[in-house]
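Data from structure16.cif: mmCIF, C-alpha atoms and all ligand atoms
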```cif
data_entry
loop_
_atom_site.group_PDB
_atom_site.id
_atom_site.type_symbol
_atom_site.label_atom_id
_atom_site.label_comp_id
_atom_site.auth_asym_id
_atom_site.auth_seq_id
_atom_site.Cartn_x
_atom_site.Cartn_y
_atom_site.Cartn_z
ATOM 1 C CA MET A 1 139.057 25.996 238.979
ATOM 2 C CA ILE A 2 139.980 27.996 235.868
ATOM 3 C CA ILE A 3 139.803 26.273 232.481
ATOM 4 C CA ALA A 4 141.662 28.022 229.634
ATOM 5 C CA ILE A 5 140.623 27.165 226.081
ATOM 6 C CA ASP A 6 142.367 28.563 223.022
ATOM 7 C CA GLY A 7 142.226 27.770 219.338
ATOM 8 C CA PRO A 8 141.702 29.176 215.857
ATOM 9 C CA ALA A 9 138.452 30.571 214.464
ATOM 10 C CA ALA A 10 135.481 28.183 214.365
ATOM 11 C CA SER A 11 137.471 25.360 215.955
ATOM 12 C CA GLY A 12 134.593 24.641 218.363
ATOM 13 C CA LYS A 13 136.248 26.161 221.447
ATOM 14 C CA GLY A 14 133.153 28.199 222.346
ATOM 15 C CA THR A 15 130.864 25.163 222.105
ATOM 16 C CA LEU A 16 133.195 23.177 224.368
ATOM 17 C CA ALA A 17 133.727 26.086 226.779
ATOM 18 C CA ARG A 18 129.961 26.547 227.278
ATOM 19 C CA ARG A 19 129.372 22.850 227.841
ATOM 20 C CA LEU A 20 132.357 22.453 230.181
ATOM 21 C CA ALA A 21 131.157 25.436 232.237
ATOM 22 C CA ASP A 22 127.707 23.815 232.605
ATOM 23 C CA HIS A 23 129.203 20.442 233.418
ATOM 24 C CA PHE A 24 131.644 21.680 236.074
ATOM 25 C CA GLY A 25 129.416 24.447 237.520
ATOM 26 C CA LEU A 26 131.667 27.309 236.390
ATOM 27 C CA ARG A 27 131.027 30.691 234.746
ATOM 28 C CA HIS A 28 131.895 31.161 231.083
ATOM 29 C CA LEU A 29 133.463 34.065 229.185
ATOM 30 C CA ASP A 30 133.883 34.068 225.408
ATOM 31 C CA THR A 31 136.756 36.598 225.295
ATOM 32 C CA GLY A 32 136.353 36.968 221.518
ATOM 33 C CA LEU A 33 133.134 38.839 222.288
ATOM 34 C CA THR A 34 135.106 41.523 224.186
ATOM 35 C CA TYR A 35 137.204 42.267 221.072
ATOM 36 C CA ARG A 36 134.065 42.079 218.924
ATOM 37 C CA ALA A 37 132.198 44.506 221.218
ATOM 38 C CA VAL A 38 134.978 47.103 220.970
ATOM 39 C CA ALA A 39 135.179 46.683 217.183
ATOM 40 C CA ALA A 40 131.378 46.902 216.810
ATOM 41 C CA SER A 41 131.254 50.121 218.808
ATOM 42 C CA LEU A 42 134.028 51.689 216.698
ATOM 43 C CA LEU A 43 132.282 50.644 213.468
ATOM 44 C CA ALA A 44 128.881 51.901 214.671
ATOM 45 C CA ASN A 45 130.362 55.318 215.498
ATOM 46 C CA GLY A 46 132.393 55.609 212.294
ATOM 47 C CA LEU A 47 135.655 55.601 214.271
ATOM 48 C CA PRO A 48 138.952 54.205 212.913
ATOM 49 C CA LEU A 49 139.889 50.656 213.978
ATOM 50 C CA GLY A 50 143.566 51.604 214.382
ATOM 51 C CA ASP A 51 143.228 54.433 216.943
ATOM 52 C CA GLU A 52 144.440 52.807 220.161
ATOM 53 C CA ALA A 53 143.432 55.620 222.541
ATOM 54 C CA VAL A 54 139.852 55.568 221.264
ATOM 55 C CA ALA A 55 139.686 51.764 221.402
ATOM 56 C CA ILE A 56 140.936 51.792 225.024
ATOM 57 C CA GLU A 57 138.287 54.349 225.967
ATOM 58 C CA VAL A 58 135.583 52.124 224.463
ATOM 59 C CA ALA A 59 136.982 49.089 226.329
ATOM 60 C CA ARG A 60 136.889 50.997 229.651
ATOM 61 C CA HIS A 61 133.122 51.318 229.315
ATOM 62 C CA LEU A 62 132.525 47.717 228.273
ATOM 63 C CA ASP A 63 129.845 45.865 230.231
ATOM 64 C CA LEU A 64 130.256 42.092 229.880
ATOM 65 C CA ALA A 65 126.587 41.552 230.744
ATOM 66 C CA GLN A 66 125.484 43.712 227.805
ATOM 67 C CA MET A 67 127.442 41.877 225.081
ATOM 68 C CA ASP A 68 124.905 40.442 222.621
ATOM 69 C CA LYS A 69 126.368 37.385 220.899
ATOM 70 C CA THR A 70 123.669 37.340 218.224
ATOM 71 C CA VAL A 71 124.600 40.846 217.044
ATOM 72 C CA LEU A 72 128.372 40.486 217.584
ATOM 73 C CA ALA A 73 128.548 37.185 215.647
ATOM 74 C CA ALA A 74 128.324 39.083 212.310
ATOM 75 C CA HIS A 75 131.130 38.217 209.934
ATOM 76 C CA GLU A 76 132.349 41.812 209.407
ATOM 77 C CA ILE A 77 132.557 42.318 213.184
ATOM 78 C CA GLY A 78 134.819 39.238 213.497
ATOM 79 C CA GLU A 79 137.097 40.652 210.825
ATOM 80 C CA ALA A 80 137.183 44.086 212.536
ATOM 81 C CA ALA A 81 137.792 42.434 215.945
ATOM 82 C CA SER A 82 140.875 40.714 214.580
ATOM 83 C CA ARG A 83 142.155 44.097 213.371
ATOM 84 C CA VAL A 84 141.693 45.897 216.715
ATOM 85 C CA ALA A 85 143.158 42.862 218.525
ATOM 86 C CA VAL A 86 146.665 43.834 217.348
ATOM 87 C CA LEU A 87 146.588 46.954 219.598
ATOM 88 C CA GLY A 88 148.711 46.240 222.700
ATOM 89 C CA GLY A 89 147.124 48.902 224.935
ATOM 90 C CA LEU A 90 143.619 47.698 224.103
ATOM 91 C CA ARG A 91 144.643 44.117 224.901
ATOM 92 C CA GLU A 92 145.955 45.200 228.329
ATOM 93 C CA GLU A 93 142.616 46.816 229.143
ATOM 94 C CA LEU A 94 140.607 43.770 228.031
ATOM 95 C CA VAL A 95 142.981 41.271 229.676
ATOM 96 C CA ASN A 96 142.458 43.046 233.043
ATOM 97 C CA LEU A 97 138.703 42.711 232.609
ATOM 98 C CA GLN A 98 139.003 39.047 231.593
ATOM 99 C CA ARG A 99 141.286 38.247 234.563
ATOM 100 C CA ARG A 100 138.840 39.804 237.015
ATOM 101 C CA PHE A 101 136.119 37.582 235.553
ATOM 102 C CA ALA A 102 138.333 34.480 235.772
ATOM 103 C CA GLN A 103 139.316 35.136 239.385
ATOM 104 C CA THR A 104 135.769 35.572 240.685
ATOM 105 C CA PRO A 105 134.565 32.463 242.585
ATOM 106 C CA PRO A 106 133.689 29.724 241.872
ATOM 107 C CA GLY A 107 136.022 29.896 238.857
ATOM 108 C CA ALA A 108 135.456 30.027 235.153
ATOM 109 C CA VAL A 109 135.997 28.730 231.667
ATOM 110 C CA LEU A 110 137.493 31.320 229.299
ATOM 111 C CA ASP A 111 137.941 30.769 225.588
ATOM 112 C CA GLY A 112 139.970 32.858 223.154
ATOM 113 C CA ARG A 113 143.433 33.042 221.618
ATOM 114 C CA ASP A 114 145.757 33.963 224.530
ATOM 115 C CA ILE A 115 144.016 32.564 227.601
ATOM 116 C CA GLY A 116 146.587 29.881 228.431
ATOM 117 C CA THR A 117 149.566 32.051 227.478
ATOM 118 C CA VAL A 118 148.654 35.545 228.771
ATOM 119 C CA VAL A 119 145.280 35.921 230.495
ATOM 120 C CA CYS A 120 145.421 32.888 232.821
ATOM 121 C CA PRO A 121 148.931 31.390 232.622
ATOM 122 C CA ASP A 122 148.257 29.594 235.957
ATOM 123 C CA ALA A 123 144.947 28.040 234.845
ATOM 124 C CA SER A 124 144.130 24.647 236.401
ATOM 125 C CA VAL A 125 143.886 23.115 232.939
ATOM 126 C CA LYS A 126 144.552 24.345 229.407
ATOM 127 C CA LEU A 127 143.146 23.051 226.141
ATOM 128 C CA PHE A 128 144.161 24.051 222.631
ATOM 129 C CA VAL A 129 141.232 23.101 220.412
ATOM 130 C CA THR A 130 141.785 22.826 216.693
ATOM 131 C CA ALA A 131 140.450 21.191 213.523
ATOM 132 C CA SER A 132 141.534 21.321 209.899
ATOM 133 C CA PRO A 133 140.717 24.594 208.096
ATOM 134 C CA GLU A 134 138.381 22.643 205.788
ATOM 135 C CA ALA A 135 136.417 21.109 208.682
ATOM 136 C CA ARG A 136 136.162 24.496 210.392
ATOM 137 C CA ALA A 137 134.998 26.220 207.211
ATOM 138 C CA ARG A 138 132.422 23.476 206.574
ATOM 139 C CA ARG A 139 131.048 23.774 210.114
ATOM 140 C CA ARG A 140 130.913 27.586 210.001
ATOM 141 C CA THR A 141 129.234 27.548 206.558
ATOM 142 C CA GLU A 142 126.584 25.118 207.817
ATOM 143 C CA GLU A 143 126.086 27.238 210.931
ATOM 144 C CA LEU A 144 125.516 30.426 208.900
ATOM 145 C CA LEU A 145 123.177 28.697 206.423
ATOM 146 C CA SER A 146 121.170 27.171 209.286
ATOM 147 C CA LYS A 147 120.627 30.696 210.638
ATOM 148 C CA GLY A 148 119.298 31.801 207.245
ATOM 149 C CA GLN A 149 122.426 33.836 206.462
ATOM 150 C CA GLU A 150 124.287 33.768 203.161
ATOM 151 C CA ALA A 151 127.468 31.703 203.205
ATOM 152 C CA ASN A 152 129.825 30.366 200.627
ATOM 153 C CA TYR A 153 132.281 27.624 201.636
ATOM 154 C CA ALA A 154 135.213 29.018 199.608
ATOM 155 C CA SER A 155 134.924 32.535 200.986
ATOM 156 C CA VAL A 156 134.358 31.297 204.554
ATOM 157 C CA LEU A 157 137.531 29.189 204.232
ATOM 158 C CA ALA A 158 139.527 32.150 202.862
ATOM 159 C CA ASP A 159 138.246 34.427 205.663
ATOM 160 C CA LEU A 160 139.094 31.933 208.407
ATOM 161 C CA MET A 161 142.591 31.421 207.060
ATOM 162 C CA ARG A 162 143.227 35.160 206.763
ATOM 163 C CA ARG A 163 142.040 35.744 210.337
ATOM 164 C CA ASP A 164 144.133 32.825 211.682
ATOM 165 C CA GLU A 165 147.187 34.227 209.905
ATOM 166 C CA ARG A 166 146.693 37.699 211.418
ATOM 167 C CA ASP A 167 145.956 36.259 214.896
ATOM 168 C CA SER A 168 148.992 33.981 214.938
ATOM 169 C CA GLN A 169 151.451 36.451 213.385
ATOM 170 C CA ARG A 170 150.722 39.594 215.415
ATOM 171 C CA THR A 171 153.493 40.791 217.742
ATOM 172 C CA VAL A 172 151.387 41.142 220.891
ATOM 173 C CA ALA A 173 149.909 37.960 222.427
ATOM 174 C CA PRO A 174 149.746 35.943 219.207
ATOM 175 C CA MET A 175 147.492 32.892 219.127
ATOM 176 C CA LYS A 176 149.581 29.857 220.088
ATOM 177 C CA GLN A 177 149.325 26.682 222.100
ATOM 178 C CA ALA A 178 150.698 27.141 225.637
ATOM 179 C CA ASP A 179 153.553 24.738 226.457
ATOM 180 C CA ASP A 180 151.399 23.025 229.093
ATOM 181 C CA ALA A 181 148.147 22.919 227.067
ATOM 182 C CA VAL A 182 146.592 19.667 225.869
ATOM 183 C CA LEU A 183 145.939 19.622 222.118
ATOM 184 C CA LEU A 184 142.441 18.507 221.117
ATOM 185 C CA ASP A 185 142.070 18.043 217.364
ATOM 186 C CA THR A 186 138.352 17.592 216.614
ATOM 187 C CA THR A 187 138.615 17.199 212.820
ATOM 188 C CA GLU A 188 137.322 13.623 213.030
ATOM 189 C CA MET A 189 135.123 14.105 216.133
ATOM 190 C CA ASP A 190 131.493 15.122 216.393
ATOM 191 C CA ILE A 191 130.529 17.602 219.136
ATOM 192 C CA GLU A 192 129.604 14.908 221.661
ATOM 193 C CA THR A 193 132.864 12.977 221.166
ATOM 194 C CA ALA A 194 134.902 16.194 221.480
ATOM 195 C CA PHE A 195 133.005 17.146 224.649
ATOM 196 C CA GLN A 196 133.609 13.750 226.266
ATOM 197 C CA ALA A 197 137.326 14.007 225.410
ATOM 198 C CA ALA A 198 137.469 17.497 226.948
ATOM 199 C CA VAL A 199 135.673 16.358 230.129
ATOM 200 C CA GLU A 200 138.194 13.553 230.496
ATOM 201 C CA ILE A 201 141.164 15.948 230.103
ATOM 202 C CA VAL A 202 139.729 18.407 232.655
ATOM 203 C CA SER A 203 138.757 15.677 235.156
ATOM 204 C CA ARG A 204 142.232 14.160 234.959
ATOM 205 C CA ALA A 205 143.872 17.550 235.634
ATOM 206 C CA ARG A 206 141.453 18.340 238.482
ATOM 207 C CA ASP A 207 142.027 14.983 240.194
ATOM 208 C CA ALA A 208 145.820 14.985 239.731
HETATM 209 N N1 LIG B 301 133.316 18.649 216.861
HETATM 210 C C1 LIG B 301 132.436 19.312 216.101
HETATM 211 N N2 LIG B 301 131.838 18.698 215.069
HETATM 212 C C2 LIG B 301 130.951 19.356 214.273
HETATM 213 N N3 LIG B 301 130.596 20.649 214.441
HETATM 214 C C3 LIG B 301 131.157 21.313 215.450
HETATM 215 C C4 LIG B 301 132.097 20.684 216.340
HETATM 216 N N4 LIG B 301 132.475 21.601 217.245
HETATM 217 C C5 LIG B 301 131.828 22.743 216.949
HETATM 218 N N5 LIG B 301 131.015 22.563 215.882
HETATM 219 C C6 LIG B 301 130.192 23.583 215.221
HETATM 220 O O1 LIG B 301 131.119 24.433 214.543
HETATM 221 C C7 LIG B 301 130.679 25.794 214.601
HETATM 222 C C8 LIG B 301 131.786 26.646 215.234
HETATM 223 O O2 LIG B 301 131.884 26.282 216.617
HETATM 224 P P1 LIG B 301 132.140 27.385 217.719
HETATM 225 O O3 LIG B 301 131.308 28.586 217.516
HETATM 226 O O4 LIG B 301 132.062 26.694 219.035
HETATM 227 O O5 LIG B 301 133.659 27.750 217.379
HETATM 228 P P2 LIG B 301 134.589 28.873 218.003
HETATM 229 O O6 LIG B 301 135.959 28.326 217.951
HETATM 230 O O7 LIG B 301 134.061 29.294 219.333
HETATM 231 O O8 LIG B 301 134.390 30.045 216.924
HETATM 232 P P3 LIG B 301 134.860 31.595 217.000
HETATM 233 O O9 LIG B 301 136.328 31.614 216.856
HETATM 234 O O10 LIG B 301 134.192 32.213 215.828
HETATM 235 O O11 LIG B 301 134.382 32.153 218.319
HETATM 236 C C9 LIG B 301 129.367 25.786 215.386
HETATM 237 O O12 LIG B 301 128.306 25.738 214.453
HETATM 238 C C10 LIG B 301 129.422 24.481 216.173
HETATM 239 O O13 LIG B 301 128.125 23.964 216.449
HETATM 240 N N1 LIG B 302 141.512 36.098 223.607
HETATM 241 C C1 LIG B 302 141.239 36.586 222.375
HETATM 242 C C2 LIG B 302 139.986 36.421 221.790
HETATM 243 C C3 LIG B 302 139.760 36.965 220.547
HETATM 244 N N2 LIG B 302 140.726 37.659 219.934
HETATM 245 C C4 LIG B 302 140.495 38.349 218.653
HETATM 246 O O1 LIG B 302 139.103 38.569 218.410
HETATM 247 C C5 LIG B 302 138.708 38.010 217.154
HETATM 248 C C6 LIG B 302 137.311 37.480 217.270
HETATM 249 O O2 LIG B 302 137.336 36.360 218.155
HETATM 250 P P1 LIG B 302 136.291 35.122 218.020
HETATM 251 O O3 LIG B 302 136.790 34.100 219.015
HETATM 252 O O4 LIG B 302 134.956 35.671 218.390
HETATM 253 O O5 LIG B 302 136.330 34.632 216.635
HETATM 254 C C7 LIG B 302 139.779 36.954 216.839
HETATM 255 O O6 LIG B 302 139.962 36.743 215.443
HETATM 256 C C8 LIG B 302 141.029 37.561 217.470
HETATM 257 O O7 LIG B 302 141.656 38.481 216.611
HETATM 258 C C9 LIG B 302 141.962 37.785 220.516
HETATM 259 O O8 LIG B 302 142.871 38.400 219.943
HETATM 260 N N3 LIG B 302 142.201 37.266 221.731
#
```

Kindly present the structure from the file in structure tokens form.
Amino acid sequence: MIIAIDGPAASGKGTLARRLADHFGLRHLDTGLTYRAVAASLLANGLPLGDEAVAIEVARHLDLAQMDKTVLAAHEIGEAASRVAVLGGLREELVNLQRRFAQTPPGAVLDGRDIGTVVCPDASVKLFVTASPEARARRRTEELLSKGQEANYASVLADLMRRDERDSQRTVAPMKQADDAVLLDTTEMDIETAFQAAVEIVSRARDA
């Protein structure tokens, strides 16, 4: 079984993807980390974010097992990831890697922006997870503060909205809900309620 989860920044798709993978005995890939890893490597080596050939070369050497979420979660890396994510050739390279992961038994949960539309268009079930920008900014601000990092609600909200705009307006593989995806709006749901709703959607699709 392949579960495709897409949605805007800080919508809770990663939290749901991890828990669904545990629940259904599947592997999990946060595809955002692949874009973040490429961006982080370019930044660390002082290389330009817009050079497609260089970005592809970095992606060719990417080892999924070595991606460190704690390091890659940094705000500036998310911003840089969204800038390299407009490069079509880089996306092709990363999509191939993500598809290989998805197709390895026993199946997987992938979360990102183009999983249901491009990476796994034949996924067994597709979810598009969203929440209002204000709820997402509040959750992300609380998350950063709880990790002892500086965070300001207004700037987190502005950053999320700018990233969503870039991700949904780019020409190649823009973020959008697949026609056959189920929309899950968690604005008024806590994590447990959202998880139970997601389990129900996946179970229904699996048993259909
Ligand atoms: N339904 C919910 N209610 C309250 N908080 C939530 C809910 N879902 C997720 N969160 C919290 O919101 C924050 C963002 O969630 P998460 O990291 O899963 O989002 P994401 O969509 O994967 O983000 P990104 O796009 O940055 O990868 C986390 O702190 C998470 O614990
Ligand atoms: N399938 C995907 C996943 C991510 N991106 C881009 O990477 C940025 C960081 O992703 P996070 O999920 O870690 O926030 C994101 O803003 C996208 O630009 C993508 O294009 N496709």

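Compared by their closest atoms to ligand LIG 301 (chain B), and using only C-alpha atoms and all ligand atoms, the residues A:Leu127, A:Ala73, A:Ala9, A:Ala173 rank with A:Ala9 nearest.
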
message = On this structure, the PyMOL selection byres (((chain A and resi 3) around 10) and not hetatm) would catch which residues? List them as number ranges by chain, sorted by chain and number.
response = A: 1-2, 4-5, 17, 20-21, 26, 28, 102, 107-111, 115-116, 120, 122-127, 202

Find the nearest atom pair between each residue of chain A and ligand LIG 301 (chain B) for residues within 7 Å, count only C-alpha atoms and all ligand atoms, give distances in Å to one decimal, sort rows by chain and ascending number, and present the table as a Markdown table.
```
| residue | atom | partner | partner_atom | distance |
| --- | --- | --- | --- | --- |
| A:Gly7 | CA | B:LIG301 | O6 | 6.4 |
| A:Pro8 | CA | B:LIG301 | O9 | 6.0 |
| A:Ala9 | CA | B:LIG301 | O9 | 3.4 |
| A:Ala10 | CA | B:LIG301 | O8 | 3.3 |
| A:Ser11 | CA | B:LIG301 | O6 | 3.9 |
| A:Gly12 | CA | B:LIG301 | O4 | 3.3 |
| A:Lys13 | CA | B:LIG301 | O6 | 4.1 |
| A:Gly14 | CA | B:LIG301 | O7 | 3.3 |
| A:Thr15 | CA | B:LIG301 | O4 | 3.6 |
| A:Leu16 | CA | B:LIG301 | O4 | 6.5 |
| A:Gly32 | CA | B:LIG301 | O11 | 6.1 |
| A:Arg136 | CA | B:LIG301 | O1 | 6.5 |
| A:Arg139 | CA | B:LIG301 | O1 | 4.5 |
| A:Arg140 | CA | B:LIG301 | C7 | 4.9 |
| A:Glu142 | CA | B:LIG301 | O12 | 6.9 |
| A:Glu143 | CA | B:LIG301 | O12 | 4.4 |
| A:Thr186 | CA | B:LIG301 | N1 | 5.2 |
| A:Thr187 | CA | B:LIG301 | N1 | 6.8 |
| A:Met189 | CA | B:LIG301 | N1 | 4.9 |
| A:Asp190 | CA | B:LIG301 | N2 | 3.8 |
| A:Ile191 | CA | B:LIG301 | N1 | 3.7 |
| A:Ala194 | CA | B:LIG301 | N1 | 5.5 |
```

Mind giving me the axis-aligned box for ligand LIG 302 (chain B) with 8 Å on every side, centre plus edges in Å to one decimal, as JSON?
```
{"center_x": 138.9, "center_y": 36.3, "center_z": 219.5, "size_x": 23.9, "size_y": 20.5, "size_z": 24.2}
```

Residues contacting ligand LIG 302 (chain B) - anything with an atom at most 6 Å away, using only C-alpha atoms and all ligand atoms - can you give me those as a CSV table (one decimal) with C-alpha atoms, in the frame of the given file?
```csv
chain,number,residue,atom,x,y,z
A,9,ALA,CA,138.5,30.6,214.5
A,31,THR,CA,136.8,36.6,225.3
A,32,GLY,CA,136.4,37.0,221.5
A,33,LEU,CA,133.1,38.8,222.3
A,35,TYR,CA,137.2,42.3,221.1
A,36,ARG,CA,134.1,42.1,218.9
A,78,GLY,CA,134.8,39.2,213.5
A,81,ALA,CA,137.8,42.4,215.9
A,82,SER,CA,140.9,40.7,214.6
A,85,ALA,CA,143.2,42.9,218.5
A,112,GLY,CA,140.0,32.9,223.2
A,113,ARG,CA,143.4,33.0,221.6
A,114,ASP,CA,145.8,34.0,224.5
A,115,ILE,CA,144.0,32.6,227.6
A,163,ARG,CA,142.0,35.7,210.3
A,167,ASP,CA,146.0,36.3,214.9
```

Which residues would end up in the selection if the PyMOL selection byres (((chain A and resi 99) around 10) and not hetatm) were applied here, given that I need the answer as a compact mmCIF listing (two decimals) with C-alpha atoms, keeping the file's coordinate frame?
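Saved to expr.txt:
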```txt
# COMPACT_ATOMS: atom_id res chain seq x y z
CA LEU A 94 140.61 43.77 228.03
CA VAL A 95 142.98 41.27 229.68
CA ASN A 96 142.46 43.05 233.04
CA LEU A 97 138.70 42.71 232.61
CA GLN A 98 139.00 39.05 231.59
CA ARG A 100 138.84 39.80 237.02
CA PHE A 101 136.12 37.58 235.55
CA ALA A 102 138.33 34.48 235.77
CA GLN A 103 139.32 35.14 239.38
CA THR A 104 135.77 35.57 240.68
CA LEU A 110 137.49 31.32 229.30
CA ILE A 115 144.02 32.56 227.60
CA VAL A 118 148.65 35.54 228.77
CA VAL A 119 145.28 35.92 230.50
CA CYS A 120 145.42 32.89 232.82
```

remark   = Taken to one decimal, the atom CA of A:Gln66-atom CA of A:Gln149 distance is 23.7 Å

inquiry  = Residues near A:His61, anyone? I mean within 10 Å using only C-alpha atoms, not counting same-chain ones fewer than 4 positions away, as an NGL selection string.
reply    = :A and (38 or 56-57)

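Using only C-alpha atoms, the nearest neighbour of A:His23 within the list A:Glu165, A:Glu93, A:Glu200, A:Glu76 is A:Glu200.
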
key: Interatomic distance, atom CA of A:Thr171 to atom CA of A:Ala154 (Å, one decimal)   =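 For atom CA of A:Thr171 relative to atom CA of A:Ala154, the distance reads 28.3 Å.
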
request  = Quick one: pull the distance between atom CA of A:Met175 and atom CA of A:Asp6, Å, one decimal.
outcome  = 7.8 Å

task = Considering all atoms listed in the file, state which residue in the set A:Asp22, A:Asp164, A:Glu188, A:Asp51 is at the smallest distance from A:Gly88.
result =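 Smallest separation from A:Gly88 among the options: A:Asp51.
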
request  = Name the residues captured by the PyMOL selection byres (((chain A and resi 54) around 12) and not hetatm) when it is applied to the shown file; answer as a ChimeraX atom specification.
outcome  = /A:38-39,41-43,45-53,55-61,84,87,89-90

message = Measuring between all atoms listed in the file, which one of A:Ala37, A:Ala74, A:Met67, A:Val172 shows the shortest distance to A:Leu144?
response = A:Ala74

List the neighbours of A:Thr141 out to 8 Å using all atoms listed in the file; skip same-chain residues closer than 2 positions along the sequence, and give me the result as a PDB file with C-alpha atoms, in the coordinates of the input.
```
ATOM      1  CA  ALA A 137     134.998  26.220 207.211  1.00  0.00           C
ATOM      2  CA  ARG A 138     132.422  23.476 206.574  1.00  0.00           C
ATOM      3  CA  ARG A 139     131.048  23.774 210.114  1.00  0.00           C
ATOM      4  CA  GLU A 143     126.086  27.238 210.931  1.00  0.00           C
ATOM      5  CA  LEU A 144     125.516  30.426 208.900  1.00  0.00           C
ATOM      6  CA  LEU A 145     123.177  28.697 206.423  1.00  0.00           C
ATOM      7  CA  ALA A 151     127.468  31.703 203.205  1.00  0.00           C
ATOM      8  CA  ASN A 152     129.825  30.366 200.627  1.00  0.00           C
ATOM      9  CA  TYR A 153     132.281  27.624 201.636  1.00  0.00           C
ATOM     10  CA  VAL A 156     134.358  31.297 204.554  1.00  0.00           C
TER      11      VAL A 156
END
```

message = Under the rule that all atoms listed in the file are counted, which of A:Asp63, A:Ser155, A:Asp185, A:Pro105 is the nearest residue to A:Ala131?
response = A:Asp185

remark   = Across A:Gly25, A:Ile201, A:Arg166, A:Pro133, the smallest distance to A:Ala80, with only C-alpha atoms counted, is shown by A:Arg166
